[in-house]
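**Q** Following this line is work_33.cif, made up of mmCIF, C-alpha atoms:
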data_start
#
loop_
_atom_site.group_PDB
_atom_site.id
_atom_site.type_symbol
_atom_site.label_atom_id
_atom_site.label_comp_id
_atom_site.auth_asym_id
_atom_site.auth_seq_id
_atom_site.Cartn_x
_atom_site.Cartn_y
_atom_site.Cartn_z
ATOM 1 C CA MET A 1 76.607 34.931 62.842
ATOM 2 C CA ASN A 2 75.744 38.261 64.503
ATOM 3 C CA LYS A 3 78.848 37.961 66.686
ATOM 4 C CA LEU A 4 81.008 37.450 63.601
ATOM 5 C CA ILE A 5 79.588 40.573 61.963
ATOM 6 C CA MET A 6 80.081 42.602 65.164
ATOM 7 C CA HIS A 7 83.694 41.409 65.557
ATOM 8 C CA THR A 8 84.402 42.224 61.915
ATOM 9 C CA MET A 9 82.891 45.714 62.273
ATOM 10 C CA PHE A 10 84.924 46.305 65.445
ATOM 11 C CA ALA A 11 88.153 45.252 63.687
ATOM 12 C CA LEU A 12 87.402 47.515 60.722
ATOM 13 C CA CYS A 13 86.739 50.474 63.025
ATOM 14 C CA ILE A 14 90.040 49.998 64.809
ATOM 15 C CA ALA A 15 91.948 49.592 61.544
ATOM 16 C CA GLY A 16 90.266 52.662 60.077
ATOM 17 C CA SER A 17 91.198 54.842 63.031
ATOM 18 C CA ALA A 18 94.894 53.948 62.621
ATOM 19 C CA ILE A 19 95.124 55.489 59.135
ATOM 20 C CA SER A 20 96.738 58.935 59.249
ATOM 21 C CA CYS A 21 95.831 60.326 55.869
ATOM 22 C CA GLU A 22 94.045 63.442 54.757
ATOM 23 C CA GLN A 23 90.621 62.957 53.253
ATOM 24 C CA ASN A 24 89.594 64.689 50.062
ATOM 25 C CA GLU A 25 86.531 64.598 47.815
ATOM 26 C CA GLY A 26 87.633 61.339 46.200
ATOM 27 C CA GLY A 27 88.293 59.540 49.482
ATOM 28 C CA LEU A 28 91.594 58.977 51.245
ATOM 29 C CA ALA A 29 94.770 60.598 49.981
ATOM 30 C CA GLY A 30 98.372 60.460 51.125
ATOM 31 C CA PRO A 31 99.854 62.579 53.901
ATOM 32 C CA CYS A 32 99.813 66.347 53.412
ATOM 33 C CA VAL A 33 102.945 67.751 51.753
ATOM 34 C CA HIS A 34 104.542 71.186 51.437
ATOM 35 C CA ASN A 35 105.681 72.442 48.013
ATOM 36 C CA TYR A 36 108.245 75.116 47.203
ATOM 37 C CA GLU A 37 107.168 76.696 43.913
ATOM 38 C CA ASP A 38 110.207 79.002 43.669
ATOM 39 C CA PRO A 39 113.678 79.169 45.158
ATOM 40 C CA ILE A 40 113.753 81.472 48.198
ATOM 41 C CA LEU A 41 116.683 83.519 46.832
ATOM 42 C CA ALA A 42 116.785 84.607 43.184
ATOM 43 C CA ILE A 43 119.798 86.343 41.643
ATOM 44 C CA LYS A 44 118.410 88.431 38.778
ATOM 45 C CA THR A 45 121.501 90.207 37.402
ATOM 46 C CA ILE A 46 125.218 90.540 38.053
ATOM 47 C CA GLU A 47 127.142 93.355 36.408
ATOM 48 C CA ASP A 48 130.768 94.300 35.909
ATOM 49 C CA ALA A 49 131.297 97.258 38.308
ATOM 50 C CA GLU A 50 133.302 99.199 35.704
ATOM 51 C CA SER A 51 131.646 98.482 32.355
ATOM 52 C CA GLY A 52 128.099 97.564 33.416
ATOM 53 C CA GLU A 53 128.371 94.445 31.253
ATOM 54 C CA GLN A 54 126.184 91.516 32.344
ATOM 55 C CA ILE A 55 128.041 88.545 33.844
ATOM 56 C CA PRO A 56 126.287 85.363 32.710
ATOM 57 C CA ARG A 57 127.884 82.743 34.979
ATOM 58 C CA ILE A 58 129.177 82.642 38.561
ATOM 59 C CA THR A 59 130.267 80.103 41.138
ATOM 60 C CA ILE A 60 128.843 80.408 44.658
ATOM 61 C CA ASN A 61 130.850 79.084 47.630
ATOM 62 C CA GLU A 62 130.786 79.230 51.410
ATOM 63 C CA VAL A 63 127.063 79.765 51.881
ATOM 64 C CA PHE A 64 125.924 80.715 55.378
ATOM 65 C CA ILE A 65 122.330 81.138 56.519
ATOM 66 C CA ASP A 66 122.050 82.987 59.835
ATOM 67 C CA SER A 67 125.797 82.374 60.359
ATOM 68 C CA VAL A 68 125.457 78.578 59.921
ATOM 69 C CA ARG A 69 127.469 77.107 57.043
ATOM 70 C CA LYS A 70 125.340 75.139 54.597
ATOM 71 C CA ASP A 71 126.358 72.347 52.269
ATOM 72 C CA ALA A 72 125.710 73.376 48.657
ATOM 73 C CA SER A 73 123.858 70.146 47.914
ATOM 74 C CA SER A 74 121.284 70.960 50.619
ATOM 75 C CA LEU A 75 120.495 74.278 48.897
ATOM 76 C CA VAL A 76 119.805 72.949 45.402
ATOM 77 C CA ARG A 77 116.357 71.376 45.183
ATOM 78 C CA GLU A 78 113.535 70.893 42.707
ATOM 79 C CA SER A 79 112.529 74.545 43.080
ATOM 80 C CA SER A 80 116.058 75.788 42.206
ATOM 81 C CA GLN A 81 116.550 77.535 38.872
ATOM 82 C CA ASN A 82 119.574 77.462 36.539
ATOM 83 C CA VAL A 83 121.945 75.972 39.106
ATOM 84 C CA THR A 84 123.998 72.795 39.417
ATOM 85 C CA ILE A 85 126.423 71.431 42.001
ATOM 86 C CA GLN A 86 130.088 70.913 41.189
ATOM 87 C CA ASP A 87 132.734 70.077 43.799
ATOM 88 C CA SER A 88 130.632 71.459 46.706
ATOM 89 C CA SER A 89 129.981 74.741 44.867
ATOM 90 C CA ILE A 90 126.840 76.079 43.236
ATOM 91 C CA LEU A 91 127.255 76.910 39.545
ATOM 92 C CA CYS A 92 124.789 79.644 38.600
ATOM 93 C CA ASN A 93 123.726 80.617 35.102
ATOM 94 C CA VAL A 94 122.216 84.063 35.712
ATOM 95 C CA PRO A 95 119.342 84.510 36.391
ATOM 96 C CA CYS A 96 119.390 81.732 38.970
ATOM 97 C CA GLY A 97 117.905 80.797 42.309
ATOM 98 C CA PHE A 98 118.415 78.368 45.175
ATOM 99 C CA GLY A 99 117.453 77.565 48.762
ATOM 100 C CA THR A 100 114.197 77.204 50.689
ATOM 101 C CA GLU A 101 115.273 78.288 54.180
ATOM 102 C CA ALA A 102 114.510 81.830 55.379
ATOM 103 C CA GLY A 103 117.189 83.967 57.021
ATOM 104 C CA ARG A 104 120.268 86.087 56.392
ATOM 105 C CA TYR A 105 122.255 84.698 53.440
ATOM 106 C CA GLN A 106 125.972 85.274 53.049
ATOM 107 C CA PHE A 107 128.058 83.689 50.269
ATOM 108 C CA THR A 108 131.188 84.166 48.186
ATOM 109 C CA VAL A 109 130.817 84.832 44.464
ATOM 110 C CA HIS A 110 133.548 83.875 42.012
ATOM 111 C CA ALA A 111 133.572 84.704 38.291
ATOM 112 C CA SER A 112 136.464 84.305 35.885
ATOM 113 C CA GLY A 113 138.389 87.581 35.622
ATOM 114 C CA TYR A 114 136.729 89.112 38.704
ATOM 115 C CA GLU A 115 137.614 89.554 42.372
ATOM 116 C CA ASP A 116 135.969 87.056 44.718
ATOM 117 C CA THR A 117 133.184 88.964 46.453
ATOM 118 C CA THR A 118 131.242 88.172 49.616
ATOM 119 C CA MET A 119 127.562 89.038 49.256
ATOM 120 C CA THR A 120 125.028 89.396 52.055
ATOM 121 C CA GLN A 121 121.253 89.469 51.687
ATOM 122 C CA LYS A 122 119.281 90.088 54.869
ATOM 123 C CA ASN A 123 115.736 88.918 55.504
ATOM 124 C CA VAL A 124 115.554 86.341 52.717
ATOM 125 C CA ARG A 125 112.018 84.954 52.798
ATOM 126 C CA TYR A 126 109.149 83.838 50.627
ATOM 127 C CA GLU A 127 106.597 86.450 49.652
ATOM 128 C CA ASN A 128 103.636 84.062 49.692
ATOM 129 C CA PHE A 129 102.433 81.178 51.844
ATOM 130 C CA ASP A 130 99.372 79.186 50.812
ATOM 131 C CA GLY A 131 98.130 77.038 53.680
ATOM 132 C CA GLY A 132 95.980 73.968 53.341
ATOM 133 C CA CYS A 133 96.773 70.564 52.050
ATOM 134 C CA PRO A 134 99.032 70.625 50.183
ATOM 135 C CA SER A 135 100.593 73.905 51.340
ATOM 136 C CA SER A 136 103.153 75.922 49.387
ATOM 137 C CA ASN A 137 105.575 78.841 49.354
ATOM 138 C CA SER A 138 106.268 81.090 46.364
ATOM 139 C CA GLY A 139 107.695 84.490 45.551
ATOM 140 C CA SER A 140 111.476 84.698 45.833
ATOM 141 C CA THR A 141 113.543 87.384 47.516
ATOM 142 C CA THR A 142 115.495 88.874 44.612
ATOM 143 C CA MET A 143 118.919 90.451 44.425
ATOM 144 C CA SER A 144 121.169 92.042 41.810
ATOM 145 C CA PHE A 145 124.741 93.170 42.349
ATOM 146 C CA THR A 146 128.019 94.238 40.782
ATOM 147 C CA ILE A 147 131.476 92.692 41.089
ATOM 148 C CA GLU A 148 134.896 94.245 40.482
ATOM 149 C CA PRO A 149 137.197 93.073 37.686
ATOM 150 C CA LYS A 150 140.695 91.907 38.677
#
As structure tokens - that is how I would like this structure written.
**A**
Amino acid sequence: MNKLIMHTMFALCIAGSAISCEQNEGGLAGPCVHNYEDPILAIKTIEDAESGEQIPRITINEVFIDSVRKDASSLVRESSQNVTIQDSSILCNVPCGFGTEAGRYQFTVHASGYEDTTMTQKNVRYENFDGGCPSSNSGSTTMSFTIEPK
């Protein structure tokens, strides 16, 4: 009987050491995750360069991060705000935000009645990082700009 108990204890110890979960106050939890509380890039306002009128809706195409072209669908995530994907473009209802990857962003903006404009925002990054388990990023890099009417 003692051998059975010892073999059972040994098996439980081995099985327990194979679990790769974080432990919290209530016992075992799942693996640690990272949350993005905000999009990394937030477009606050877009104005008509001549009248100063606010432009409420734009289409964003040809997004590059650090000179690497990105697929629009990879930039729109749970943390994105006021954006949708249509035909490999990002439709933005201003204010809007997208992305989670830090770097230099370059993209083409299209709005009905306006010239297509290439925008560049250097050093796009999150303002805050909260380590631990789970960890998170928050605090968008913001931008506002003007575009020229046709």
**Q** Taking the file above as input, evaluate the PyMOL selection byres ((chain A and resi 40) around 7) and report the hits as a list in words.
**A**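 With the shown file as input, the PyMOL selection byres ((chain A and resi 40) around 7) matches Asp38, Pro39, Leu41, Ala42, Phe98, Gly99, Thr100, Glu101, Val124, Arg125, Tyr126, Ser140 and Thr141 of chain A.
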**Q** Of the residues A:Lys44, A:His110, A:Lys150, A:Arg77, which is the one nearest to Leu91 in chain A, using all atoms listed in the file?
**A** A:His110
**Q** Please report the interatomic distance between CA of Glu127 in chain A and CA of Ser80 in chain A in Å with one decimal.
**A**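 Calculated distance between CA of Glu127 in chain A and CA of Ser80 in chain A is 16.1 Å.
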**Q** Using only C-alpha atoms for the distances, tell me which of A:Ser74, A:Thr146, A:Thr84, A:Ser51 is nearest to Glu115 in chain A.
**A**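 Between A:Ser74, A:Thr146, A:Thr84, A:Ser51, the residue approaching Glu115 in chain A most closely is A:Thr146.
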**Q** Pick the closest to Asp87 in chain A from A:Ile147, A:Glu50, A:Asp71, A:Gln106: which is it, counting only C-alpha atoms?
**A**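 The shortest atom-to-atom distance to Asp87 in chain A comes from A:Asp71.
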**Q** To test your reading of the syntax: which residues would the PyMOL selection byres ((chain A and resi 117) around 10) return for the file shown? Reply as a ChimeraX atom specification.
**A** /A:60,107-111,114-116,118-120,146-148
**Q** Work out how far CA of Gln86 in chain A is from CA of Asn137 in chain A, in Å to one decimal.
**A**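 Between these atoms lies a distance of 27.0 Å.
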**Q** Excluding Phe64 in chain A and any residue of its chain fewer than 5 positions from it, enumerate the residues within 6 Å of it, using only C-alpha atoms, and give them as a PDB file with C-alpha atoms, in the coordinates of the input.
**A**
ATOM      1  CA  ARG A  69     127.469  77.107  57.043  1.00  0.00           C
ATOM      2  CA  LYS A  70     125.340  75.139  54.597  1.00  0.00           C
ATOM      3  CA  TYR A 105     122.255  84.698  53.440  1.00  0.00           C
ATOM      4  CA  GLN A 106     125.972  85.274  53.049  1.00  0.00           C
TER       5      GLN A 106
END
**Q** Of the candidates A:Asn123, A:Pro149, A:Gly139, A:Ser88, which one gets nearest to Gly52 in chain A if we count only C-alpha atoms?
**A**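 Between A:Asn123, A:Pro149, A:Gly139, A:Ser88, the residue approaching Gly52 in chain A most closely is A:Pro149.
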**Q** Mind giving me the straight-line distance from CA of Gly103 in chain A to CA of Val68 in chain A in Å, one decimal?
**A**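 Interatomic distance here is 10.3 Å.
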**Q** Just checking: using only C-alpha atoms, which residue out of A:Leu75, A:Val33, A:Cys92, A:Ile43 ends up closest to Ile58 in chain A?
**A** A:Cys92
**Q** Which residue, A:Ser112, A:Gln121, A:Ile90, A:Ile46, has the smallest gap to Asp66 in chain A when you use all atoms listed in the file?
**A** A:Gln121
**Q** Produce the centre coordinates and the three edge lengths, each in Å to one decimal, of the box along x, y and z that contains all listed atoms of range 39-45 of chain A with 5 Å added on each side, as AutoDock Vina command-line options.
**A**
--center_x 117.6 --center_y 84.7 --center_z 42.8 --size_x 17.8 --size_y 21.0 --size_z 20.8
**Q** Extract range 87-100 of chain A from the preceding block and save N, CA and C atoms as a PDB file, in the first residue's frame.
**A**
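The result, stored in selection-v1.pdb:
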ATOM      1  N   ASP A  87     -12.409  46.177 -48.805  1.00  0.00           N
ATOM      2  CA  ASP A  87     -11.556  46.005 -49.982  1.00  0.00           C
ATOM      3  C   ASP A  87     -10.093  46.358 -49.701  1.00  0.00           C
ATOM      4  N   SER A  88      -9.525  45.838 -48.659  1.00  0.00           N
ATOM      5  CA  SER A  88      -8.125  46.038 -48.249  1.00  0.00           C
ATOM      6  C   SER A  88      -7.784  47.487 -47.901  1.00  0.00           C
ATOM      7  N   SER A  89      -8.779  48.283 -47.569  1.00  0.00           N
ATOM      8  CA  SER A  89      -8.578  49.650 -47.097  1.00  0.00           C
ATOM      9  C   SER A  89      -9.174  49.780 -45.703  1.00  0.00           C
ATOM     10  N   ILE A  90      -8.693  50.782 -44.977  1.00  0.00           N
ATOM     11  CA  ILE A  90      -9.246  51.082 -43.659  1.00  0.00           C
ATOM     12  C   ILE A  90     -10.183  52.271 -43.819  1.00  0.00           C
ATOM     13  N   LEU A  91     -11.448  52.083 -43.459  1.00  0.00           N
ATOM     14  CA  LEU A  91     -12.416  53.178 -43.453  1.00  0.00           C
ATOM     15  C   LEU A  91     -12.411  53.770 -42.054  1.00  0.00           C
ATOM     16  N   CYS A  92     -12.197  55.072 -41.969  1.00  0.00           N
ATOM     17  CA  CYS A  92     -12.026  55.754 -40.685  1.00  0.00           C
ATOM     18  C   CYS A  92     -13.084  56.824 -40.507  1.00  0.00           C
ATOM     19  N   ASN A  93     -13.865  56.695 -39.448  1.00  0.00           N
ATOM     20  CA  ASN A  93     -14.796  57.739 -39.042  1.00  0.00           C
ATOM     21  C   ASN A  93     -14.087  58.533 -37.943  1.00  0.00           C
ATOM     22  N   VAL A  94     -13.669  59.738 -38.273  1.00  0.00           N
ATOM     23  CA  VAL A  94     -12.822  60.556 -37.400  1.00  0.00           C
ATOM     24  C   VAL A  94     -13.612  61.029 -36.183  1.00  0.00           C
ATOM     25  N   PRO A  95     -13.027  60.898 -34.964  1.00  0.00           N
ATOM     26  CA  PRO A  95     -11.700  60.394 -34.636  1.00  0.00           C
ATOM     27  C   PRO A  95     -11.651  58.867 -34.750  1.00  0.00           C
ATOM     28  N   CYS A  96     -10.470  58.366 -35.100  1.00  0.00           N
ATOM     29  CA  CYS A  96     -10.311  56.924 -35.269  1.00  0.00           C
ATOM     30  C   CYS A  96      -8.904  56.515 -34.858  1.00  0.00           C
ATOM     31  N   GLY A  97      -8.702  55.215 -34.733  1.00  0.00           N
ATOM     32  CA  GLY A  97      -7.381  54.724 -34.374  1.00  0.00           C
ATOM     33  C   GLY A  97      -7.206  53.285 -34.787  1.00  0.00           C
ATOM     34  N   PHE A  98      -5.950  52.901 -35.044  1.00  0.00           N
ATOM     35  CA  PHE A  98      -5.654  51.536 -35.481  1.00  0.00           C
ATOM     36  C   PHE A  98      -4.208  51.196 -35.156  1.00  0.00           C
ATOM     37  N   GLY A  99      -3.874  49.922 -35.288  1.00  0.00           N
ATOM     38  CA  GLY A  99      -2.507  49.436 -35.130  1.00  0.00           C
ATOM     39  C   GLY A  99      -2.103  49.171 -33.686  1.00  0.00           C
ATOM     40  N   THR A 100      -1.079  48.323 -33.547  1.00  0.00           N
ATOM     41  CA  THR A 100      -0.474  48.046 -32.235  1.00  0.00           C
ATOM     42  C   THR A 100       1.051  48.002 -32.324  1.00  0.00           C
TER      43      THR A 100
END
